[in-house]
Each structure stands twice: as C-alpha cells, then as structure tokens.
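S.K.: Structure: query-v1.txt, compact mmCIF, C-alpha atoms (C1' of nucleotides).
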```
# COMPACT_ATOMS: atom_id res chain seq x y z
CA MET A 1 -1.72 30.46 -0.42
CA SER A 2 1.08 29.41 1.91
CA VAL A 3 4.30 28.09 0.41
CA THR A 4 4.80 25.69 3.33
CA ARG A 5 1.31 24.31 2.82
CA GLU A 6 2.02 23.62 -0.81
CA ARG A 7 5.37 22.03 -0.05
CA ILE A 8 3.70 19.76 2.51
CA ILE A 9 1.20 18.60 -0.11
CA GLU A 10 3.96 18.09 -2.65
CA LEU A 11 6.13 16.15 -0.21
CA GLY A 12 3.19 14.15 1.09
CA GLU A 13 2.26 13.17 -2.43
CA ASN A 14 5.81 12.07 -3.17
CA LEU A 15 5.88 10.01 0.00
CA ILE A 16 2.61 8.31 -0.93
CA LEU A 17 3.97 7.57 -4.41
CA THR A 18 7.16 6.01 -3.08
CA LYS A 19 6.49 4.56 0.39
CA GLY A 20 2.71 4.39 0.46
CA TYR A 21 0.16 6.14 2.66
CA ASN A 22 0.53 4.00 5.77
CA ALA A 23 4.32 4.04 5.73
CA PHE A 24 4.93 7.78 5.81
CA SER A 25 4.67 10.01 8.86
CA TYR A 26 4.39 13.70 9.64
CA GLN A 27 7.98 13.43 10.87
CA ASP A 28 9.08 12.47 7.35
CA ILE A 29 7.59 15.71 6.09
CA SER A 30 8.67 17.99 8.94
CA THR A 31 12.31 16.91 8.97
CA GLU A 32 12.51 17.30 5.20
CA LEU A 33 11.08 20.82 5.44
CA GLY A 34 13.18 21.71 8.48
CA ILE A 35 10.12 22.43 10.60
CA LYS A 36 8.52 20.71 13.58
CA ASN A 37 5.96 17.95 13.44
CA ALA A 38 3.36 20.28 15.01
CA ALA A 39 3.79 22.75 12.16
CA VAL A 40 2.49 20.16 9.75
CA HIS A 41 -0.51 19.66 12.03
CA TYR A 42 -1.04 23.43 11.90
CA TYR A 43 -1.80 23.18 8.18
CA PHE A 44 -3.34 19.73 8.18
CA PRO A 45 -4.78 18.84 11.61
CA THR A 46 -5.00 15.16 10.74
CA LYS A 47 -3.27 12.85 8.30
CA ALA A 48 -6.69 12.16 6.78
CA ASN A 49 -6.91 15.89 6.08
CA LEU A 50 -3.61 15.87 4.25
CA GLY A 51 -4.52 12.73 2.34
CA THR A 52 -7.78 14.25 1.18
CA SER A 53 -6.03 17.46 0.11
CA ILE A 54 -3.47 15.48 -1.88
CA VAL A 55 -6.18 13.62 -3.79
CA LYS A 56 -8.11 16.87 -4.34
CA THR A 57 -4.95 18.45 -5.74
CA ASN A 58 -4.65 15.54 -8.16
CA ILE A 59 -8.24 16.01 -9.27
CA LEU A 60 -7.64 19.70 -9.93
CA ARG A 61 -4.45 18.96 -11.82
CA PHE A 62 -6.25 16.43 -14.01
CA GLU A 63 -9.16 18.77 -14.69
CA GLU A 64 -6.75 21.56 -15.62
CA MET A 65 -4.95 19.24 -18.01
CA ILE A 66 -8.22 18.31 -19.74
CA ASP A 67 -9.31 21.95 -19.98
CA ASN A 68 -5.93 22.84 -21.37
CA MET A 69 -6.09 20.09 -23.98
CA HIS A 70 -9.59 21.09 -25.01
CA SER A 71 -8.64 24.73 -25.39
CA ARG A 72 -5.67 23.70 -27.50
CA GLY A 73 -7.96 21.60 -29.67
CA PHE A 74 -6.15 18.31 -28.99
CA ASP A 75 -7.63 15.38 -30.92
CA GLU A 76 -8.18 11.98 -29.31
CA TRP A 77 -4.73 10.68 -30.19
CA LYS A 78 -2.99 13.70 -28.74
CA GLN A 79 -5.09 13.55 -25.59
CA LEU A 80 -4.32 9.89 -25.01
CA ASP A 81 -0.68 10.54 -25.73
CA ALA A 82 -0.55 13.36 -23.18
CA PHE A 83 -2.16 11.12 -20.60
CA ILE A 84 0.31 8.32 -21.26
CA LYS A 85 3.19 10.79 -21.06
CA ILE A 86 2.24 11.47 -17.42
CA TYR A 87 2.85 7.81 -16.69
CA ILE A 88 6.12 7.74 -18.62
CA LYS A 89 7.27 10.67 -16.49
CA SER A 90 6.19 8.92 -13.28
CA ASN A 91 8.08 5.84 -14.35
CA ARG A 92 11.21 7.88 -15.09
CA GLU A 93 10.98 9.31 -11.57
CA GLN A 94 10.52 5.83 -10.10
CA LYS A 95 7.11 6.76 -8.77
CA LEU A 96 3.70 5.13 -8.87
CA CYS A 97 0.50 7.01 -9.59
CA ILE A 98 -1.86 8.16 -6.87
CA PHE A 99 -4.49 5.58 -7.77
CA GLY A 100 -2.03 2.69 -7.81
CA SER A 101 -0.63 3.74 -4.49
CA LEU A 102 -3.79 4.62 -2.54
CA GLY A 103 -5.91 1.90 -4.12
CA PRO A 104 -4.53 -0.97 -2.05
CA ASP A 105 -4.87 1.12 1.12
CA PHE A 106 -8.45 2.08 0.34
CA ASP A 107 -9.99 0.33 3.36
CA THR A 108 -7.62 2.08 5.76
CA LEU A 109 -8.38 5.57 4.42
CA ASN A 110 -10.67 8.13 5.99
CA GLU A 111 -14.13 8.39 4.43
CA ASN A 112 -13.43 11.80 2.88
CA THR A 113 -10.21 10.59 1.32
CA GLN A 114 -12.02 7.52 0.01
CA ASN A 115 -14.70 9.71 -1.56
CA GLU A 116 -12.15 11.92 -3.27
CA LEU A 117 -10.29 8.87 -4.54
CA VAL A 118 -13.51 7.47 -5.96
CA LYS A 119 -14.23 10.84 -7.56
CA MET A 120 -10.75 11.02 -9.11
CA THR A 121 -10.89 7.46 -10.40
CA GLU A 122 -14.30 7.88 -12.00
CA LEU A 123 -13.20 11.17 -13.51
CA ILE A 124 -10.20 9.54 -15.18
CA VAL A 125 -11.95 6.37 -16.34
CA ASN A 126 -14.97 8.26 -17.65
CA TRP A 127 -12.76 10.71 -19.51
CA LEU A 128 -10.77 7.83 -21.03
CA THR A 129 -14.01 6.07 -21.98
CA GLU A 130 -15.22 9.21 -23.72
CA ILE A 131 -12.12 9.85 -25.78
CA LEU A 132 -12.02 6.18 -26.76
CA THR A 133 -15.64 6.31 -27.83
CA SER A 134 -15.34 9.51 -29.85
CA GLY A 135 -11.94 8.46 -31.21
CA LYS A 136 -13.48 5.23 -32.42
CA GLU A 137 -16.42 7.03 -33.99
CA LYS A 138 -14.03 9.25 -35.88
CA GLY A 139 -12.12 6.20 -37.06
CA PHE A 140 -8.98 7.13 -35.11
CA PHE A 141 -9.06 4.15 -32.79
CA VAL A 142 -9.80 0.57 -33.76
CA PHE A 143 -10.91 -1.87 -31.05
CA ASN A 144 -13.66 -4.40 -30.57
CA GLU A 145 -14.14 -4.15 -26.83
CA ASP A 146 -16.74 -2.04 -25.08
CA SER A 147 -15.26 1.44 -24.58
CA HIS A 148 -15.55 1.30 -20.81
CA ASN A 149 -13.75 -2.02 -20.65
CA LYS A 150 -11.09 -0.75 -23.03
CA ALA A 151 -10.64 2.36 -20.87
CA ALA A 152 -10.33 0.20 -17.76
CA MET A 153 -7.81 -1.97 -19.59
CA ILE A 154 -5.60 0.92 -20.65
CA PHE A 155 -5.82 2.62 -17.27
CA SER A 156 -5.14 -0.61 -15.37
CA SER A 157 -2.23 -1.41 -17.66
CA LEU A 158 -0.63 1.96 -17.06
CA VAL A 159 -1.18 1.84 -13.29
CA ALA A 160 0.07 -1.66 -12.56
CA SER A 161 2.92 -1.54 -15.05
CA LEU A 162 4.44 1.29 -13.02
CA GLN A 163 4.67 -1.30 -10.25
CA LEU A 164 5.93 -3.95 -12.65
CA SER A 165 8.60 -1.59 -13.89
CA ARG A 166 9.97 -1.09 -10.37
CA ILE A 167 10.05 -4.81 -9.71
CA VAL A 168 10.91 -6.58 -12.96
CA LYS A 169 14.38 -5.69 -14.16
CA ASN A 170 14.83 -4.62 -17.78
CA PHE A 171 11.18 -3.69 -18.09
CA ASP A 172 10.91 -1.23 -20.95
CA TYR A 173 8.12 1.08 -19.91
CA LYS A 174 8.23 3.22 -23.02
CA SER A 175 8.02 0.22 -25.33
CA PHE A 176 5.11 -1.01 -23.21
CA CYS A 177 3.27 2.29 -23.64
CA GLN A 178 3.95 2.24 -27.38
CA ALA A 179 2.44 -1.22 -27.53
CA ILE A 180 -0.71 0.11 -25.86
CA GLN A 181 -0.98 2.86 -28.45
CA GLU A 182 -0.15 0.56 -31.37
CA GLY A 183 -2.90 -1.75 -30.16
CA LEU A 184 -5.42 0.98 -30.90
CA LYS A 185 -4.43 1.19 -34.54
CA SER A 186 -5.13 -2.23 -35.96
CA MET B 1 3.69 -28.62 9.92
CA SER B 2 1.92 -26.60 12.61
CA VAL B 3 -1.71 -25.67 12.10
CA THR B 4 -1.23 -22.36 13.91
CA ARG B 5 1.69 -21.52 11.66
CA GLU B 6 -0.43 -22.12 8.58
CA ARG B 7 -3.33 -20.12 9.94
CA ILE B 8 -0.96 -17.21 10.65
CA ILE B 9 0.23 -17.26 7.06
CA GLU B 10 -3.33 -17.48 5.77
CA LEU B 11 -4.53 -14.64 8.00
CA GLY B 12 -1.46 -12.55 7.25
CA GLU B 13 -2.06 -12.96 3.54
CA ASN B 14 -5.68 -11.94 3.89
CA LEU B 15 -4.68 -8.88 5.88
CA ILE B 16 -2.16 -7.88 3.21
CA LEU B 17 -4.80 -8.34 0.51
CA THR B 18 -7.34 -6.18 2.30
CA LYS B 19 -5.50 -3.62 4.49
CA GLY B 20 -1.99 -3.72 3.03
CA TYR B 21 1.33 -4.75 4.54
CA ASN B 22 2.02 -1.61 6.55
CA ALA B 23 -1.48 -1.39 7.98
CA PHE B 24 -1.73 -4.80 9.62
CA SER B 25 -0.15 -5.78 12.93
CA TYR B 26 0.68 -8.97 14.80
CA GLN B 27 -2.16 -8.00 17.13
CA ASP B 28 -4.61 -8.28 14.23
CA ILE B 29 -3.47 -11.87 13.75
CA SER B 30 -3.20 -12.90 17.39
CA THR B 31 -6.61 -11.59 18.44
CA GLU B 32 -8.22 -13.28 15.44
CA LEU B 33 -6.54 -16.59 16.37
CA GLY B 34 -7.24 -16.18 20.08
CA ILE B 35 -3.56 -16.33 20.97
CA LYS B 36 -1.07 -13.79 22.26
CA ASN B 37 1.02 -11.45 20.17
CA ALA B 38 4.20 -13.24 21.33
CA ALA B 39 2.89 -16.53 19.96
CA VAL B 40 2.96 -15.07 16.48
CA HIS B 41 6.56 -14.01 17.09
CA TYR B 42 7.28 -17.61 18.12
CA TYR B 43 6.51 -18.78 14.58
CA PHE B 44 7.68 -15.67 12.74
CA PRO B 45 10.26 -13.73 14.79
CA THR B 46 9.87 -10.63 12.65
CA LYS B 47 7.17 -9.22 10.41
CA ALA B 48 9.66 -9.39 7.55
CA ASN B 49 9.87 -13.12 8.21
CA LEU B 50 6.13 -13.50 7.93
CA GLY B 51 5.99 -11.34 4.82
CA THR B 52 8.66 -13.42 3.13
CA SER B 53 6.87 -16.66 4.04
CA ILE B 54 3.62 -15.35 2.64
CA VAL B 55 5.22 -14.50 -0.70
CA LYS B 56 7.02 -17.87 -0.74
CA THR B 57 3.70 -19.61 -0.15
CA ASN B 58 2.26 -17.75 -3.12
CA ILE B 59 5.18 -18.85 -5.29
CA LEU B 60 4.64 -22.48 -4.28
CA ARG B 61 0.92 -22.23 -4.92
CA PHE B 62 1.54 -20.82 -8.38
CA GLU B 63 4.13 -23.46 -9.24
CA GLU B 64 1.77 -26.19 -8.09
CA MET B 65 -0.98 -24.78 -10.26
CA ILE B 66 1.28 -24.77 -13.31
CA ASP B 67 2.45 -28.33 -12.63
CA ASN B 68 -1.12 -29.40 -12.18
CA MET B 69 -2.19 -27.81 -15.44
CA HIS B 70 0.70 -29.37 -17.30
CA SER B 71 -0.03 -32.83 -15.96
CA ARG B 72 -3.66 -32.41 -16.96
CA GLY B 73 -2.56 -31.40 -20.44
CA PHE B 74 -4.21 -27.98 -20.37
CA ASP B 75 -3.81 -26.06 -23.62
CA GLU B 76 -2.92 -22.35 -23.68
CA TRP B 77 -6.55 -21.22 -23.58
CA LYS B 78 -7.34 -23.36 -20.59
CA GLN B 79 -4.20 -22.25 -18.78
CA LEU B 80 -4.96 -18.57 -19.31
CA ASP B 81 -8.54 -19.15 -18.28
CA ALA B 82 -7.47 -20.86 -15.05
CA PHE B 83 -5.16 -17.94 -14.30
CA ILE B 84 -7.89 -15.40 -14.91
CA LYS B 85 -10.27 -17.40 -12.74
CA ILE B 86 -7.95 -16.80 -9.77
CA TYR B 87 -8.50 -13.08 -10.24
CA ILE B 88 -12.24 -13.47 -10.64
CA LYS B 89 -12.27 -15.32 -7.34
CA SER B 90 -10.17 -12.63 -5.66
CA ASN B 91 -12.56 -10.00 -6.94
CA ARG B 92 -15.57 -11.93 -5.64
CA GLU B 93 -13.89 -12.01 -2.21
CA GLN B 94 -13.16 -8.27 -2.40
CA LYS B 95 -9.45 -8.92 -2.26
CA LEU B 96 -6.48 -7.69 -4.23
CA CYS B 97 -3.66 -9.95 -5.42
CA ILE B 98 -0.36 -10.20 -3.60
CA PHE B 99 1.52 -8.34 -6.31
CA GLY B 100 -0.97 -5.48 -6.44
CA SER B 101 -0.90 -5.16 -2.69
CA LEU B 102 2.83 -5.51 -1.94
CA GLY B 103 3.96 -3.71 -5.09
CA PRO B 104 3.28 -0.19 -3.84
CA ASP B 105 4.96 -1.01 -0.52
CA PHE B 106 8.04 -2.45 -2.21
CA ASP B 107 10.49 0.14 -0.87
CA THR B 108 9.35 -0.45 2.70
CA LEU B 109 9.81 -4.21 2.53
CA ASN B 110 12.70 -6.22 3.91
CA GLU B 111 15.30 -7.27 1.33
CA ASN B 112 14.33 -10.95 1.52
CA THR B 113 10.66 -10.14 1.00
CA GLN B 114 11.58 -7.91 -1.92
CA ASN B 115 13.62 -10.70 -3.49
CA GLU B 116 10.77 -13.18 -3.18
CA LEU B 117 8.35 -10.68 -4.62
CA VAL B 118 10.66 -10.12 -7.58
CA LYS B 119 10.95 -13.89 -8.03
CA MET B 120 7.18 -14.36 -7.91
CA THR B 121 6.52 -11.53 -10.34
CA GLU B 122 9.07 -12.75 -12.87
CA LEU B 123 7.72 -16.27 -12.53
CA ILE B 124 4.20 -15.13 -13.37
CA VAL B 125 5.11 -12.73 -16.18
CA ASN B 126 7.53 -15.20 -17.78
CA TRP B 127 4.96 -17.98 -17.61
CA LEU B 128 2.33 -15.71 -19.17
CA THR B 129 4.80 -14.67 -21.86
CA GLU B 130 5.49 -18.30 -22.68
CA ILE B 131 1.89 -19.41 -23.00
CA LEU B 132 1.14 -16.34 -25.10
CA THR B 133 4.07 -17.13 -27.37
CA SER B 134 3.25 -20.80 -27.79
CA GLY B 135 -0.48 -20.07 -28.03
CA LYS B 136 0.23 -17.60 -30.80
CA GLU B 137 2.47 -20.09 -32.63
CA LYS B 138 -0.30 -22.66 -32.50
CA GLY B 139 -2.75 -20.11 -33.86
CA PHE B 140 -4.80 -20.02 -30.66
CA PHE B 141 -4.06 -16.41 -29.81
CA VAL B 142 -4.03 -13.50 -32.21
CA PHE B 143 -2.16 -10.35 -31.22
CA ASN B 144 0.37 -8.01 -32.80
CA GLU B 145 2.28 -6.93 -29.71
CA ASP B 146 5.49 -8.45 -28.48
CA SER B 147 4.62 -11.40 -26.21
CA HIS B 148 6.33 -9.92 -23.19
CA ASN B 149 4.48 -6.62 -23.55
CA LYS B 150 1.22 -8.49 -24.09
CA ALA B 151 1.86 -10.55 -20.96
CA ALA B 152 2.62 -7.41 -18.98
CA MET B 153 -0.57 -5.86 -20.35
CA ILE B 154 -2.78 -8.76 -19.35
CA PHE B 155 -1.15 -9.13 -15.95
CA SER B 156 -1.29 -5.38 -15.24
CA SER B 157 -4.90 -5.25 -16.35
CA LEU B 158 -5.89 -8.05 -14.00
CA VAL B 159 -3.94 -6.60 -11.07
CA ALA B 160 -5.08 -2.99 -11.22
CA SER B 161 -8.64 -3.78 -12.20
CA LEU B 162 -9.05 -5.57 -8.86
CA GLN B 163 -8.40 -2.16 -7.35
CA LEU B 164 -10.68 -0.45 -9.86
CA SER B 165 -13.42 -2.89 -9.03
CA ARG B 166 -13.29 -1.98 -5.34
CA ILE B 167 -13.39 1.72 -6.08
CA VAL B 168 -15.58 2.24 -9.15
CA LYS B 169 -19.15 1.23 -8.52
CA ASN B 170 -20.88 -1.01 -11.02
CA PHE B 171 -17.57 -2.27 -12.37
CA ASP B 172 -18.26 -5.61 -14.01
CA TYR B 173 -15.10 -7.60 -13.37
CA LYS B 174 -16.25 -10.71 -15.20
CA SER B 175 -17.17 -8.77 -18.32
CA PHE B 176 -13.78 -7.09 -18.09
CA CYS B 177 -12.00 -10.46 -17.97
CA GLN B 178 -14.06 -11.71 -20.89
CA ALA B 179 -12.99 -8.65 -22.86
CA ILE B 180 -9.36 -9.52 -22.16
CA GLN B 181 -9.91 -13.04 -23.47
CA GLU B 182 -11.96 -11.90 -26.47
CA GLY B 183 -9.15 -9.53 -27.34
CA LEU B 184 -6.91 -12.52 -27.95
CA LYS B 185 -9.21 -13.99 -30.58
CA SER B 186 -9.38 -11.38 -33.30
C1' DA C 1 11.15 -41.68 34.56
C1' DA C 2 14.02 -37.99 32.82
C1' DA C 3 15.22 -34.94 29.24
C1' DA C 4 14.16 -32.24 25.59
C1' DA C 5 11.45 -30.24 22.21
C1' DT C 6 6.99 -27.86 21.20
C1' DA C 7 3.71 -24.36 21.84
C1' DC C 8 2.70 -21.19 23.88
C1' DT C 9 1.85 -16.98 28.05
C1' DT C 10 3.29 -13.24 31.00
C1' DA C 11 5.16 -9.17 31.29
C1' DC C 12 7.90 -6.20 29.60
C1' DT C 13 10.77 -2.51 26.49
C1' DA C 14 11.88 0.85 23.16
C1' DA C 15 10.46 3.24 19.31
C1' DT C 16 7.40 5.63 16.71
C1' DA C 17 2.96 7.28 15.59
C1' DA C 18 -0.82 10.85 15.50
C1' DG C 19 -2.40 14.52 17.76
C1' DT C 20 -2.83 18.66 21.16
C1' DA C 21 -2.48 22.67 24.35
C1' DA C 22 -0.14 26.52 25.26
C1' DG C 23 3.27 29.64 24.23
C1' DT C 24 6.15 32.88 21.03
C1' DA C 25 7.71 35.70 17.22
C1' DT C 26 6.46 38.37 13.29
C1' DC C 27 3.78 41.04 10.48
C1' DC C 28 -0.18 43.69 9.11
C1' DA C 29 -4.22 46.46 9.71
C1' DA C 30 -7.12 49.68 12.28
C1' DT D 1 0.47 51.56 18.96
C1' DT D 2 -2.22 48.02 19.84
C1' DG D 3 -4.93 44.02 18.61
C1' DG D 4 -5.26 40.25 15.91
C1' DA D 5 -4.08 37.05 12.46
C1' DT D 6 -0.35 34.08 10.69
C1' DA D 7 3.14 30.78 11.26
C1' DC D 8 5.12 28.45 13.74
C1' DT D 9 7.83 25.95 18.44
C1' DT D 10 7.90 23.64 22.87
C1' DA D 11 6.57 20.16 25.34
C1' DC D 12 3.67 17.06 25.98
C1' DT D 13 0.05 12.75 25.85
C1' DT D 14 -1.84 8.55 24.38
C1' DA D 15 -1.86 4.68 21.56
C1' DT D 16 0.14 1.33 18.97
C1' DT D 17 3.88 -1.00 17.15
C1' DA D 18 7.57 -4.66 16.64
C1' DG D 19 10.12 -7.27 19.36
C1' DT D 20 12.12 -9.93 23.59
C1' DA D 21 13.35 -12.50 27.85
C1' DA D 22 11.86 -15.59 30.93
C1' DG D 23 8.60 -18.70 32.48
C1' DT D 24 4.99 -22.67 32.05
C1' DA D 25 2.30 -26.49 30.45
C1' DT D 26 2.09 -30.28 27.39
C1' DT D 27 3.71 -33.63 24.50
C1' DT D 28 7.32 -36.47 22.56
C1' DT D 29 11.56 -38.85 22.64
C1' DT D 30 15.12 -41.46 24.86
```
Since I need it in another form, could you write the structure as structure tokens?

M.R.:
Amino acid sequence: MSVTRERIIELGENLILTKGYNAFSYQDISTELGIKNAAVHYYFPTKANLGTSIVKTNILRFEEMIDNMHSRGFDEWKQLDAFIKIYIKSNREQKLCIFGSLGPDFDTLNENTQNELVKMTELIVNWLTEILTSGKEKGFFVFNEDSHNKAAMIFSSLVASLQLSRIVKNFDYKSFCQAIQEGLKS
Amino acid sequence: MSVTRERIIELGENLILTKGYNAFSYQDISTELGIKNAAVHYYFPTKANLGTSIVKTNILRFEEMIDNMHSRGFDEWKQLDAFIKIYIKSNREQKLCIFGSLGPDFDTLNENTQNELVKMTELIVNWLTEILTSGKEKGFFVFNEDSHNKAAMIFSSLVASLQLSRIVKNFDYKSFCQAIQEGLKS
DNA sequence: AAAAATACTTACTAATAAGTAAGTATCCAA
DNA sequence: TTGGATACTTACTTATTAGTAAGTATTTTT
C-alpha cells in the first residue's frame, strides 16, 4: 500500500488526538507532508472517508494486539497491563485516545465513521469485560461490581484521565494507573 | 442582566455539550434565537469570549451548589450523590459535561478559556478529593487508594461514561453510577 | 426635550474550509 | 512503444466561518 496514504492516516490520527476532528483540515496534513491539498483528496475523497479509515486502522491495531497477546499466552493481568500501557504511552506523548477525542464529536461525524467508532468501542469494552470476568473467576481480580460496569469504569477512567492529565498540573498519570490496578487486588 | 445574553450562554453551552466547541457557530445561536449573527457579537465580541463566559458560568453554578449543600448541612454521601445526579441528568438529556466536551479541544481554545477550564477542573477535583478524604475519616467511605487518585477515578468515570452511554447501546448509566457509589461502601 | 445608552440590523470583509475537474509526470505492463 | 494506471499539481468553486463598521429604533437618563 502507498506510503503517502499511510502517512496521511498517521498524521490525521495525530491531529484528531491533539486538536480534535473538527479542528483539523486537509491543509494541516498536506503542508506537513509537503504535498497539495488535492493530493490528500486523491487518497481520501472526503474527510469522512479519512475519519472512517482512521477508526478502522485503530480497530485493526487493537485486534492485532489481542491476537498477539493470546498467541503469547498472556494471562488476564498481563493483558490488562498491556492495555493500560497504551494509555501511559499516549499520556507521555500528550495525546488523547481515539475514543476520548471522537466521542464528543460523535453527532458531527459521518454515519460510517460513527458506525466504526461504535464497533471499536464495543470491541474494547467487551474485551475488557471478558478479561475481567475470567480474571475474577480465576481469582486474579477481586471486585464486587458487575463485570461490564467495572470494564466501563476502568475504560472511562483511562480515557478521561488523559484529558485530566493535560489540564490539571502535577497529575501523576502512572500513579493513577497503578491505583486502578491495585484496586483490582483487594 | 440581559435575557438575550443569558439565552446565548445557555444555547452556546448546549451546543458545546452536543456538537462540541469547534463544530458550533454564531449562526447556530442566532437562528435559534431569531436574531442576527451580529447581535451575538454584540454581547460576545469573539467566540473565545463566549467560551470563557460559558466556563465561568459553570464555575459559578458549581460553587453555588457547594455553598447550597454546605448551608443545608449535607454529609459526604449526600454531597457525592448530588454531584452524581448532575451527571445522571446530563445523560438523560443526551449531553456530555463541559469538561468532557472542552477537554479534547483544549489546545484549540483561547488562553482565557483554557485558564477558566483549568480553574473549573481543579475546583471540581479538589472538592471531590476533600469530601472523599473527610468521608473516609468519618468512616463513611471505604477505599484504599489515595484520595486524589480516587477523586480522579470517580470524576473520569462520570465524564467518559457520558460518552460511552451515547455510543454503546444498552448502556445503563444509572446502574453504572450506583456501582460507583457501591464501590465506596465495601 | 435632548442626550446617551441599549439592543439590535444591514451589509459587508477576509479567511478558511471541503471538494472538484482537468491536466501532467512517471512508471509499468502488454 | 504505446496505453493505462498511479500519484500527484494547478486552478478553481462553493460554502461557511468569525468578525466589523455603520446605521437604526427604542428606551432610559438628565
């Protein structure tokens, strides 16, 4: 596949994660890549097209990560830890996550992009629910809440705390993530 | 103060909570109010001006709520419950909260708006930290985490789950909030 | 009654946005 | 070697945006 195409997706994603979907333009991408605005339209006729592709890329990336973890025989703790590490990395790079960034713009998104975002979100929350459930059964995790609610809690915490971290000074994201994990022990 | 001015703030806030800051325009407001675009500029010369006023209004509203709860002698449970009820109401109205909506757009906001948003966020998180601390001291709340992390967790959960609720079908927001509160008992 | 403040409208400007049609250069395959 | 696919550029259009300058009607103050 085309290198330019991939760089557009990468740059578009970064712009969404820093400025938000409705604040970035094709010009932002084209000037950064040293090409013309129309060249971006060559690969992605509409912004909705690009948005959808970016979410689809995120879905693929997540599915690959899960497959990879399964093939490596990761237990529930390791899987959760790997997931949390993605957020720690995002925080280090001063970025949000795709859900936290596109979520508030949901109503302004194209139907296809909305559908992919729904797909991605359900994929993540359902996966989290499952590892919490099986981890609890195995005695790894201790919590009283319903697994789905607990999954939503952990996911929501990670998502919105990326925003908190950018806004509240001296917010210790790593310590926050540790607290989430510690909370699953007792 | 002017009725029109207040309706602009109210409408602007609603637009931020549904479409996001960068997706709404003065035209959205003026057509809804049956006035001209320039009339909105009469009250708020720039969009940054309006944004800042909206956040300031939210700060005032929050401070009034706290004062009100203090004068009514609300204990920590009742205070937390009142806070959570705001989110339940937002969810019922299919809205996000101002932090969850402006957070992702932070870098695109005017400096004054950013400062107010920081102020509001710290106000909320510090207040939550305080009631968690004193509630724990009194034996009302039971949790092992550091109060500040726990406050960030609860706040983040409430914020991002408003987004989750719009995106994931069959998400039971009330049950989710109950789970948060139950989690403070054992 | 005159002056001034209030609450707008009219009629714009300048910038930026997404998007497109038509053209060009390069490379690869038949 | 020629035709077509690929990867763009040039040069636009149309729409929308924030923002403004100048004018008008109404109310309030002096």

S.K.: Taking all atoms listed in the file into account, name the residue in A:Thr113, A:Thr129, A:Ser25, A:Thr108 that is nearest to chain B.

M.R.: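 Closest to chain B, using all atoms listed in the file: A:Thr108.
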
S.K.: Can you pull out the residues contacting range 168-182 of chain A? Cut-off 7 Å, using all atoms listed in the file, and skip same-chain residues under 4 positions away; I want them as a list in words.

M.R.: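 Contacts, in chain order: Ile88 and Leu164 of chain A; Val118, Glu122, Glu145 and Asn149 of chain B.
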
S.K.: Please report as a Markdown table every residue of chain B lying within 6 Å of chain A, along with the nearest atom pair and their distance in Å (one decimal), using all atoms listed in the file.

M.R.:
```
| residue | atom | partner | partner_atom | distance |
| --- | --- | --- | --- | --- |
| B:Lys19 | CA | A:Asp105 | CA | 5.8 |
| B:Gly20 | CA | A:Asp105 | CA | 5.9 |
| B:Asn22 | CA | A:Asn22 | CA | 5.9 |
| B:Ser101 | CA | A:Pro104 | CA | 5.6 |
| B:Gly103 | CA | A:Gln163 | CA | 5.7 |
| B:Pro104 | CA | A:Ser101 | CA | 5.6 |
| B:Asp105 | CA | A:Lys19 | CA | 5.8 |
| B:Val118 | CA | A:Ile167 | CA | 5.8 |
| B:Asn149 | CA | A:Phe176 | CA | 5.7 |
| B:Met153 | CA | A:Ser157 | CA | 5.5 |
| B:Ser156 | CA | A:Ser157 | CA | 4.7 |
| B:Ser157 | CA | A:Ser156 | CA | 4.7 |
| B:Ala160 | CA | A:Ser156 | CA | 4.8 |
| B:Ser161 | CA | A:Ser156 | CA | 5.7 |
| B:Gln163 | CA | A:Gly103 | CA | 5.8 |
| B:Ile167 | CA | A:Val118 | CA | 5.8 |
| B:Phe176 | CA | A:Asn149 | CA | 5.7 |
```

S.K.: Output C-alpha atoms for every residue in that selection, as a compact mmCIF listing (two decimals), in the frame of the given file.

M.R.:
```
# COMPACT_ATOMS: atom_id res chain seq x y z
CA LYS B 19 -5.50 -3.62 4.49
CA GLY B 20 -1.99 -3.72 3.03
CA ASN B 22 2.02 -1.61 6.55
CA SER B 101 -0.90 -5.16 -2.69
CA GLY B 103 3.96 -3.71 -5.09
CA PRO B 104 3.28 -0.19 -3.84
CA ASP B 105 4.96 -1.01 -0.52
CA VAL B 118 10.66 -10.12 -7.58
CA ASN B 149 4.48 -6.62 -23.55
CA MET B 153 -0.57 -5.86 -20.35
CA SER B 156 -1.29 -5.38 -15.24
CA SER B 157 -4.90 -5.25 -16.35
CA ALA B 160 -5.08 -2.99 -11.22
CA SER B 161 -8.64 -3.78 -12.20
CA GLN B 163 -8.40 -2.16 -7.35
CA ILE B 167 -13.39 1.72 -6.08
CA PHE B 176 -13.78 -7.09 -18.09
```

S.K.: Quick one: residues within 6 Å of Asn37 in chain A, all atoms listed in the file, excluding same-chain residues fewer than 6 positions away - as a list in words?

M.R.: Tyr26, Gln27 and Ser30 of chain A

S.K.: Within 9 Å of chain C, which residues belong to chain A? Use all atoms listed in the file and report them as a PyMOL selection string.

M.R.: chain A and resi 25-26+38+41+45-47

S.K.: Give me the residues of chain D that have any atom at most 12 Å from an atom of chain B; for each, the nearest atom pair and the distance in Å, rounded to one decimal. Use all atoms listed in the file, sort by chain and number, and format it as JSON lines.

M.R.:
```
{"residue": "D:DT16", "atom": "C1'", "partner": "B:Ser25", "partner_atom": "CA", "distance": 9.3}
{"residue": "D:DT17", "atom": "C1'", "partner": "B:Ser25", "partner_atom": "CA", "distance": 7.5}
{"residue": "D:DA18", "atom": "C1'", "partner": "B:Thr46", "partner_atom": "CA", "distance": 7.5}
{"residue": "D:DG19", "atom": "C1'", "partner": "B:Thr46", "partner_atom": "CA", "distance": 7.5}
{"residue": "D:DT20", "atom": "C1'", "partner": "B:Ala38", "partner_atom": "CA", "distance": 8.9}
{"residue": "D:DA21", "atom": "C1'", "partner": "B:Ala38", "partner_atom": "CA", "distance": 11.3}
```

S.K.: So the first atom is CA of Ile8 in chain B and the second is CA of Asn112 in chain B; what is the distance between them in Å, to one decimal place?

M.R.: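 One can read the CA of Ile8 in chain B to CA of Asn112 in chain B distance as 18.9 Å.
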
S.K.: Quick test: take range 135-140 of chain A, keep N, CA, C and O atoms, and write it as a CSV table (one decimal), in the first residue's frame.

M.R.:
```csv
chain,number,residue,atom,x,y,z
A,135,GLY,N,-10.7,-13.2,34.7
A,135,GLY,CA,-9.7,-13.0,35.7
A,135,GLY,C,-10.3,-13.1,37.1
A,135,GLY,O,-9.6,-13.5,38.0
A,136,LYS,N,-11.6,-12.7,37.2
A,136,LYS,CA,-12.2,-12.9,38.5
A,136,LYS,C,-12.5,-14.3,38.9
A,136,LYS,O,-12.2,-14.8,40.0
A,137,GLU,N,-12.9,-15.0,37.8
A,137,GLU,CA,-13.2,-16.5,38.0
A,137,GLU,C,-11.9,-17.2,38.5
A,137,GLU,O,-12.0,-18.1,39.3
A,138,LYS,N,-10.8,-16.8,37.9
A,138,LYS,CA,-9.6,-17.5,38.2
A,138,LYS,C,-9.0,-17.0,39.6
A,138,LYS,O,-7.9,-17.4,40.0
A,139,GLY,N,-9.7,-16.0,40.1
A,139,GLY,CA,-9.2,-15.4,41.4
A,139,GLY,C,-8.1,-14.4,41.3
A,139,GLY,O,-7.5,-14.0,42.3
A,140,PHE,N,-7.8,-14.0,40.0
A,140,PHE,CA,-6.8,-12.9,39.8
A,140,PHE,C,-7.3,-11.6,40.3
A,140,PHE,O,-6.6,-10.9,41.0
```
